[in-house]
Amino acid sequence: MRIRPPSAVIAGLSAALLAMLIGGCAREPEVGRTRFEAMGTLVEVTVYGESPETTASASAEVEALFHELQQRWDPWGDGELGRLNAAAGSAPELPVAADLAGLFDRAAVISRNSDGLFDPAVGALIRLWAFSSEELLPTAPPDAEQIQQALAASQPLYQIWQPATRKIRLGPGAAIDLGGFAKGVAVDMAIDLLRGRGIDHAIVNAGGDLRAIGRHGDRKWRVGVRDPRGEGVLAAIDVEGDESVFTSGDYERYFVYQGRRYHHIIDPRDGYPAQGAISVTVIHREAGVADAAATALFVAGAQDWPRIAANLGISQVMLVDSSGTIHMTPEMEARTWLIPDPKPPVNIQRLPAP
Amino acid sequence: MADPGPETTREHSAPARPLIRAGDILIVLLAAGLVGASFGAFWGPRGQGEMALISVDRQPAFELMLDQDSTVDIQGRIGTSTIMVDGGRIRFLDSPCPGRYCVHSGWLQRSGEVAACLPNGIVVEVIGGEREYDAINL
């Protein structure tokens, strides 16, 4: 005799399975997101597993923090750094307020270890190119003579900052610009603030540069690295615990003049946009270090980056050169999932001993 | 040959039942739906957003369906930004900001991707569908 299971039982099981599938997909994880504008970019705070009230109040504090830091660290405003720059040349040595001095200590170490490829002391040069201000953005490169004058007026930060006396030798026409560092430090301070409010799982993402702590529930946080030339995502990277992912690229802040692209990452050695890479991604615990390192390695370019990365103690680097070849350290390659199909050419590069 | 017995006799003599009944059709439909849903969930394009949320001055203003090609002018703080939907993607086509970083952002299509014209106060975010990335690094 053939055994026929009752149709109603099969129908019931199918419906239950379908409901589980749909229910499983539709169940939204407990993620809260807020977004605000600060430091010339969009900042997004993502929090996992907290109440909407906790997320909202902590994010509002992060927003207030970013706005305060923006005011204090604006090179041309009326905050601490703006006042210091305004006083350049008024005395051989200028005293520096304690908070700013702490930043200068850290920035000077990175400046020295990168052979000056990351150098906040080229503020006059950065102002000349005016990438930091949308309103002033030039449609043509600055005059070559002006660039030479700005270069002549500046010395690397590690040569003019005196940690022991908390004084800086800032001559006439020289200025400090913490771009390429300040945003990272702000992200670090925002993460500290969130932790102080008892939040253990979060991402602070400032215009695409981020620090992530904890994880997204039962999985790691997933970060997509933008493809510098194609559309969409070049690489997926899972992060958890406490890591920062920073990318410097030539593809957003730029202008085209007489058929040539001029982007915003200026080589402190010659005063023009650096040419050796189109994007550099760095993973490091501290966002401030990751920010400055991404800038320095972009300037170093496809040939010199391994030496500078070793000197900076940065082991996870991905650099895309102008031909589209991806250069990665083994540590980066081990955790990076390249998305484009076919895969771009990849060069795995071990770092030399520092 | 022995008597086949009452059981067999009864089977042969039972009234004819239809080969397919309404319940069977229901099962087939449910199974087909399940296969379709599974296929979409496991093999479909992951992360594809369904619509874009346009915000003006931090306030959600309206949504654009990404499966309907369109070009929309939006009045912002300093002028008119033009946003284009084409083939499931969306981008700033033009904007009155000097830097045009929003235009340089190019096409967005994954859920969670964002482009902004900060001087004009306009933000475009792809939403809906499965969010593949918690953050985009750029």
# chains A, B, ... in the order shown; residues from 1 in each chain; ligands from 1
$ closest_atom_pairs --of "chain B" --to "chain A" --cutoff "10 Å" --atoms "only C-alpha atoms" --output "JSON lines"
{"residue": "B:Thr8", "atom": "CA", "partner": "A:Met1", "partner_atom": "CA", "distance": 9.5}
{"residue": "B:Glu11", "atom": "CA", "partner": "A:Met1", "partner_atom": "CA", "distance": 9.6}
{"residue": "B:Arg21", "atom": "CA", "partner": "A:Ser7", "partner_atom": "CA", "distance": 9.2}
{"residue": "B:Ala22", "atom": "CA", "partner": "A:Ser7", "partner_atom": "CA", "distance": 9.4}
{"residue": "B:Gly23", "atom": "CA", "partner": "A:Ser7", "partner_atom": "CA", "distance": 5.9}
{"residue": "B:Asp24", "atom": "CA", "partner": "A:Ser7", "partner_atom": "CA", "distance": 6.6}
{"residue": "B:Ile25", "atom": "CA", "partner": "A:Ala11", "partner_atom": "CA", "distance": 9.9}
{"residue": "B:Leu26", "atom": "CA", "partner": "A:Ala11", "partner_atom": "CA", "distance": 7.0}
{"residue": "B:Ile27", "atom": "CA", "partner": "A:Ala11", "partner_atom": "CA", "distance": 5.3}
{"residue": "B:Val28", "atom": "CA", "partner": "A:Ala11", "partner_atom": "CA", "distance": 9.0}
{"residue": "B:Leu29", "atom": "CA", "partner": "A:Ala11", "partner_atom": "CA", "distance": 9.8}
{"residue": "B:Leu30", "atom": "CA", "partner": "A:Ser14", "partner_atom": "CA", "distance": 6.4}
{"residue": "B:Ala31", "atom": "CA", "partner": "A:Ser14", "partner_atom": "CA", "distance": 6.8}
{"residue": "B:Gly33", "atom": "CA", "partner": "A:Leu18", "partner_atom": "CA", "distance": 8.2}
{"residue": "B:Leu34", "atom": "CA", "partner": "A:Leu18", "partner_atom": "CA", "distance": 6.0}
{"residue": "B:Val35", "atom": "CA", "partner": "A:Leu18", "partner_atom": "CA", "distance": 9.6}
{"residue": "B:Ala37", "atom": "CA", "partner": "A:Ile22", "partner_atom": "CA", "distance": 8.2}
{"residue": "B:Ser38", "atom": "CA", "partner": "A:Leu21", "partner_atom": "CA", "distance": 8.0}
{"residue": "B:Ala41", "atom": "CA", "partner": "A:Cys25", "partner_atom": "CA", "distance": 8.2}
{"residue": "B:Arg58", "atom": "CA", "partner": "A:Phe36", "partner_atom": "CA", "distance": 7.8}
{"residue": "B:Cys97", "atom": "CA", "partner": "A:Glu134", "partner_atom": "CA", "distance": 7.2}
{"residue": "B:Pro98", "atom": "CA", "partner": "A:Glu134", "partner_atom": "CA", "distance": 6.0}
{"residue": "B:Gly99", "atom": "CA", "partner": "A:Glu134", "partner_atom": "CA", "distance": 5.3}
{"residue": "B:Arg100", "atom": "CA", "partner": "A:Arg253", "partner_atom": "CA", "distance": 8.2}
{"residue": "B:Tyr101", "atom": "CA", "partner": "A:Glu252", "partner_atom": "CA", "distance": 5.4}
{"residue": "B:Cys102", "atom": "CA", "partner": "A:Glu252", "partner_atom": "CA", "distance": 8.0}
{"residue": "B:Val103", "atom": "CA", "partner": "A:Glu252", "partner_atom": "CA", "distance": 8.6}
{"residue": "B:His104", "atom": "CA", "partner": "A:Glu252", "partner_atom": "CA", "distance": 5.3}
{"residue": "B:Ser105", "atom": "CA", "partner": "A:Glu252", "partner_atom": "CA", "distance": 6.2}
{"residue": "B:Gly106", "atom": "CA", "partner": "A:Glu231", "partner_atom": "CA", "distance": 7.4}
{"residue": "B:Trp107", "atom": "CA", "partner": "A:Glu231", "partner_atom": "CA", "distance": 6.7}
{"residue": "B:Leu108", "atom": "CA", "partner": "A:Gly232", "partner_atom": "CA", "distance": 7.1}
{"residue": "B:Gln109", "atom": "CA", "partner": "A:Gly232", "partner_atom": "CA", "distance": 7.7}
{"residue": "B:Arg110", "atom": "CA", "partner": "A:Gly232", "partner_atom": "CA", "distance": 7.7}
{"residue": "B:Glu113", "atom": "CA", "partner": "A:Gly232", "partner_atom": "CA", "distance": 8.9}
{"residue": "B:Val114", "atom": "CA", "partner": "A:Leu42", "partner_atom": "CA", "distance": 9.2}
{"residue": "B:Ala115", "atom": "CA", "partner": "A:Leu42", "partner_atom": "CA", "distance": 9.0}
{"residue": "B:Ala116", "atom": "CA", "partner": "A:Leu42", "partner_atom": "CA", "distance": 7.6}
{"residue": "B:Cys117", "atom": "CA", "partner": "A:Thr41", "partner_atom": "CA", "distance": 9.5}
{"residue": "B:Leu118", "atom": "CA", "partner": "A:Thr41", "partner_atom": "CA", "distance": 7.4}
{"residue": "B:Pro119", "atom": "CA", "partner": "A:Glu134", "partner_atom": "CA", "distance": 7.6}
{"residue": "B:Gly121", "atom": "CA", "partner": "A:Glu37", "partner_atom": "CA", "distance": 9.3}
{"residue": "B:Val123", "atom": "CA", "partner": "A:Leu42", "partner_atom": "CA", "distance": 9.2}
{"residue": "B:Gly129", "atom": "CA", "partner": "A:Ala26", "partner_atom": "CA", "distance": 9.9}
{"residue": "B:Glu130", "atom": "CA", "partner": "A:Cys25", "partner_atom": "CA", "distance": 8.7}
{"residue": "B:Glu132", "atom": "CA", "partner": "A:Arg222", "partner_atom": "CA", "distance": 7.6}
{"residue": "B:Tyr133", "atom": "CA", "partner": "A:Arg222", "partner_atom": "CA", "distance": 5.2}
{"residue": "B:Asp134", "atom": "CA", "partner": "A:Arg222", "partner_atom": "CA", "distance": 5.4}
{"residue": "B:Ala135", "atom": "CA", "partner": "A:Val223", "partner_atom": "CA", "distance": 5.1}
{"residue": "B:Ile136", "atom": "CA", "partner": "A:Gly224", "partner_atom": "CA", "distance": 4.7}
{"residue": "B:Asn137", "atom": "CA", "partner": "A:Gly208", "partner_atom": "CA", "distance": 4.3}
{"residue": "B:Leu138", "atom": "CA", "partner": "A:Gly208", "partner_atom": "CA", "distance": 4.7}
$ residues_around --residues "stretch 73-75 of chain B" --least-positions-apart "3" --cutoff "9 Å" --atoms "only C-alpha atoms" --output "NGL selection string"
:B and (56 or 78-84 or 120 or 122)
$ select_by_dssp --residues "stretch 257-307 of chain A" --states "helix (DSSP H, G or I)" --output "list in words"
Ala287, Gly288, Val289, Ala290, Asp291, Ala292, Ala293, Ala294, Thr295, Ala296, Leu297, Phe298, Val299, Ala300, Gly301, Ala302, Gln303, Asp304, Trp305, Pro306 and Arg307 of chain A
$ write_last_selection --atoms "C-alpha atoms" --output "short mmCIF file (atom, residue, chain, number, x, y, z; two decimals), in the first residue's frame"
data_model
loop_
_atom_site.label_atom_id
_atom_site.label_comp_id
_atom_site.auth_asym_id
_atom_site.auth_seq_id
_atom_site.Cartn_x
_atom_site.Cartn_y
_atom_site.Cartn_z
CA ALA A 287 42.43 56.24 13.63
CA GLY A 288 44.80 59.22 13.94
CA VAL A 289 47.80 57.06 13.00
CA ALA A 290 45.86 55.32 10.22
CA ASP A 291 44.82 58.71 8.80
CA ALA A 292 48.36 60.12 8.71
CA ALA A 293 49.85 56.83 7.48
CA ALA A 294 47.38 56.61 4.57
CA THR A 295 48.40 60.14 3.54
CA ALA A 296 52.15 59.42 3.87
CA LEU A 297 51.95 56.13 1.95
CA PHE A 298 49.91 57.75 -0.82
CA VAL A 299 52.65 60.36 -1.22
CA ALA A 300 55.35 57.66 -1.02
CA GLY A 301 53.74 55.91 -4.01
CA ALA A 302 54.00 52.42 -5.48
CA GLN A 303 57.80 52.21 -5.18
CA ASP A 304 58.63 53.62 -1.76
CA TRP A 305 55.59 52.71 0.36
CA PRO A 306 56.97 49.48 1.89
CA ARG A 307 59.92 51.33 3.45
#
$ select_by_dssp --residues "stretch 17-239 of chain A" --states "strand (DSSP E)" --output "PDB file with C-alpha atoms, in the first residue's frame"
ATOM      1  CA  VAL A  31      21.451  48.866  14.593  1.00  0.00           C
ATOM      2  CA  GLY A  32      21.026  52.583  15.111  1.00  0.00           C
ATOM      3  CA  ARG A  33      22.497  55.112  12.702  1.00  0.00           C
ATOM      4  CA  THR A  34      22.798  58.876  12.869  1.00  0.00           C
ATOM      5  CA  ARG A  35      24.518  61.202  10.467  1.00  0.00           C
ATOM      6  CA  PHE A  36      25.738  64.791  10.632  1.00  0.00           C
ATOM      7  CA  GLU A  37      28.033  67.168   8.808  1.00  0.00           C
ATOM      8  CA  ALA A  38      31.368  68.167  10.365  1.00  0.00           C
ATOM      9  CA  THR A  41      32.374  65.766   5.454  1.00  0.00           C
ATOM     10  CA  LEU A  42      29.501  63.504   6.495  1.00  0.00           C
ATOM     11  CA  VAL A  43      30.033  61.702   9.781  1.00  0.00           C
ATOM     12  CA  GLU A  44      27.996  58.565  10.480  1.00  0.00           C
ATOM     13  CA  VAL A  45      27.695  56.929  13.898  1.00  0.00           C
ATOM     14  CA  THR A  46      26.521  53.298  13.860  1.00  0.00           C
ATOM     15  CA  VAL A  47      25.677  51.594  17.146  1.00  0.00           C
ATOM     16  CA  TYR A  48      24.694  47.964  17.654  1.00  0.00           C
ATOM     17  CA  LEU A  94      55.524  80.508  19.853  1.00  0.00           C
ATOM     18  CA  PRO A  95      54.002  78.778  22.894  1.00  0.00           C
ATOM     19  CA  TRP A 161      58.282  71.474  17.100  1.00  0.00           C
ATOM     20  CA  GLN A 162      60.088  71.348  20.440  1.00  0.00           C
ATOM     21  CA  LYS A 167      57.110  75.759  21.654  1.00  0.00           C
ATOM     22  CA  ILE A 168      57.146  75.875  17.876  1.00  0.00           C
ATOM     23  CA  ALA A 202      29.950  50.862  17.185  1.00  0.00           C
ATOM     24  CA  ILE A 203      31.454  52.446  14.081  1.00  0.00           C
ATOM     25  CA  VAL A 204      32.378  56.109  13.743  1.00  0.00           C
ATOM     26  CA  ASN A 205      32.710  56.808  10.028  1.00  0.00           C
ATOM     27  CA  ALA A 206      33.958  60.270   9.048  1.00  0.00           C
ATOM     28  CA  ASP A 209      37.310  56.769   7.165  1.00  0.00           C
ATOM     29  CA  LEU A 210      36.351  54.814  10.238  1.00  0.00           C
ATOM     30  CA  ARG A 211      37.128  53.120  13.509  1.00  0.00           C
ATOM     31  CA  ALA A 212      35.039  50.108  14.516  1.00  0.00           C
ATOM     32  CA  ILE A 213      34.760  48.542  17.967  1.00  0.00           C
ATOM     33  CA  GLY A 214      33.062  45.318  19.023  1.00  0.00           C
ATOM     34  CA  TRP A 221      31.512  44.455  11.019  1.00  0.00           C
ATOM     35  CA  ARG A 222      31.815  44.398   7.238  1.00  0.00           C
ATOM     36  CA  VAL A 223      33.557  47.297   5.516  1.00  0.00           C
ATOM     37  CA  GLY A 224      33.554  47.834   1.746  1.00  0.00           C
ATOM     38  CA  VAL A 225      36.531  49.735   0.296  1.00  0.00           C
ATOM     39  CA  ARG A 226      35.467  51.912  -2.616  1.00  0.00           C
ATOM     40  CA  VAL A 233      33.418  48.217  -4.001  1.00  0.00           C
ATOM     41  CA  LEU A 234      36.991  47.062  -4.631  1.00  0.00           C
ATOM     42  CA  ALA A 235      37.451  44.984  -1.491  1.00  0.00           C
ATOM     43  CA  ALA A 236      35.486  43.706   1.478  1.00  0.00           C
ATOM     44  CA  ILE A 237      37.181  43.621   4.870  1.00  0.00           C
ATOM     45  CA  ASP A 238      35.714  42.222   8.080  1.00  0.00           C
ATOM     46  CA  VAL A 239      36.723  44.084  11.229  1.00  0.00           C
TER      47      VAL A 239
END
$ atom_distance --atom1 "atom CA of A:Ala274" --atom2 "atom CA of A:Leu117"
10.0 Å
$ atom_distance --atom1 "atom CA of A:Ala88" --atom2 "atom CA of A:Thr165"
17.3 Å
$ atom_distance --atom1 "atom CA of A:Ala152" --atom2 "atom CA of A:Leu128"
13.5 Å
$ decode --residues "stretch 230-245 of chain A" --atoms "N, CA and C atoms" --output "short mmCIF file (atom, residue, chain, number, x, y, z; two decimals), in the first residue's frame"
data_model
loop_
_atom_site.label_atom_id
_atom_site.label_comp_id
_atom_site.auth_asym_id
_atom_site.auth_seq_id
_atom_site.Cartn_x
_atom_site.Cartn_y
_atom_site.Cartn_z
N GLY A 230 36.76 52.15 -10.84
CA GLY A 230 35.51 51.54 -11.25
C GLY A 230 34.39 52.03 -10.35
N GLU A 231 33.25 51.36 -10.46
CA GLU A 231 32.13 51.71 -9.59
C GLU A 231 32.05 50.72 -8.44
N GLY A 232 31.47 51.15 -7.37
CA GLY A 232 31.19 50.22 -6.28
C GLY A 232 32.40 49.89 -5.43
N VAL A 233 32.48 48.63 -5.04
CA VAL A 233 33.42 48.22 -4.00
C VAL A 233 34.57 47.42 -4.59
N LEU A 234 35.80 47.77 -4.18
CA LEU A 234 36.99 47.06 -4.63
C LEU A 234 37.26 45.86 -3.73
N ALA A 235 37.08 46.05 -2.42
CA ALA A 235 37.45 44.98 -1.49
C ALA A 235 36.54 45.01 -0.28
N ALA A 236 36.25 43.82 0.24
CA ALA A 236 35.49 43.71 1.48
C ALA A 236 36.44 43.28 2.59
N ILE A 237 36.31 43.93 3.73
CA ILE A 237 37.18 43.62 4.87
C ILE A 237 36.30 43.49 6.11
N ASP A 238 36.45 42.38 6.83
CA ASP A 238 35.71 42.22 8.08
C ASP A 238 36.57 42.74 9.23
N VAL A 239 35.97 43.56 10.08
CA VAL A 239 36.72 44.08 11.23
C VAL A 239 35.93 43.79 12.50
N GLU A 240 36.68 43.59 13.58
CA GLU A 240 36.04 43.41 14.89
C GLU A 240 37.05 43.79 15.97
N GLY A 241 36.54 43.94 17.16
CA GLY A 241 37.42 44.27 18.28
C GLY A 241 37.62 45.76 18.33
N ASP A 242 38.70 46.22 17.71
CA ASP A 242 38.99 47.64 17.70
C ASP A 242 39.99 47.93 16.59
N GLU A 243 39.49 48.39 15.46
CA GLU A 243 40.37 48.64 14.31
C GLU A 243 39.87 49.85 13.52
N SER A 244 40.83 50.57 12.93
CA SER A 244 40.50 51.69 12.06
C SER A 244 40.85 51.34 10.62
N VAL A 245 40.00 51.75 9.69
CA VAL A 245 40.26 51.55 8.26
C VAL A 245 40.20 52.93 7.60
#
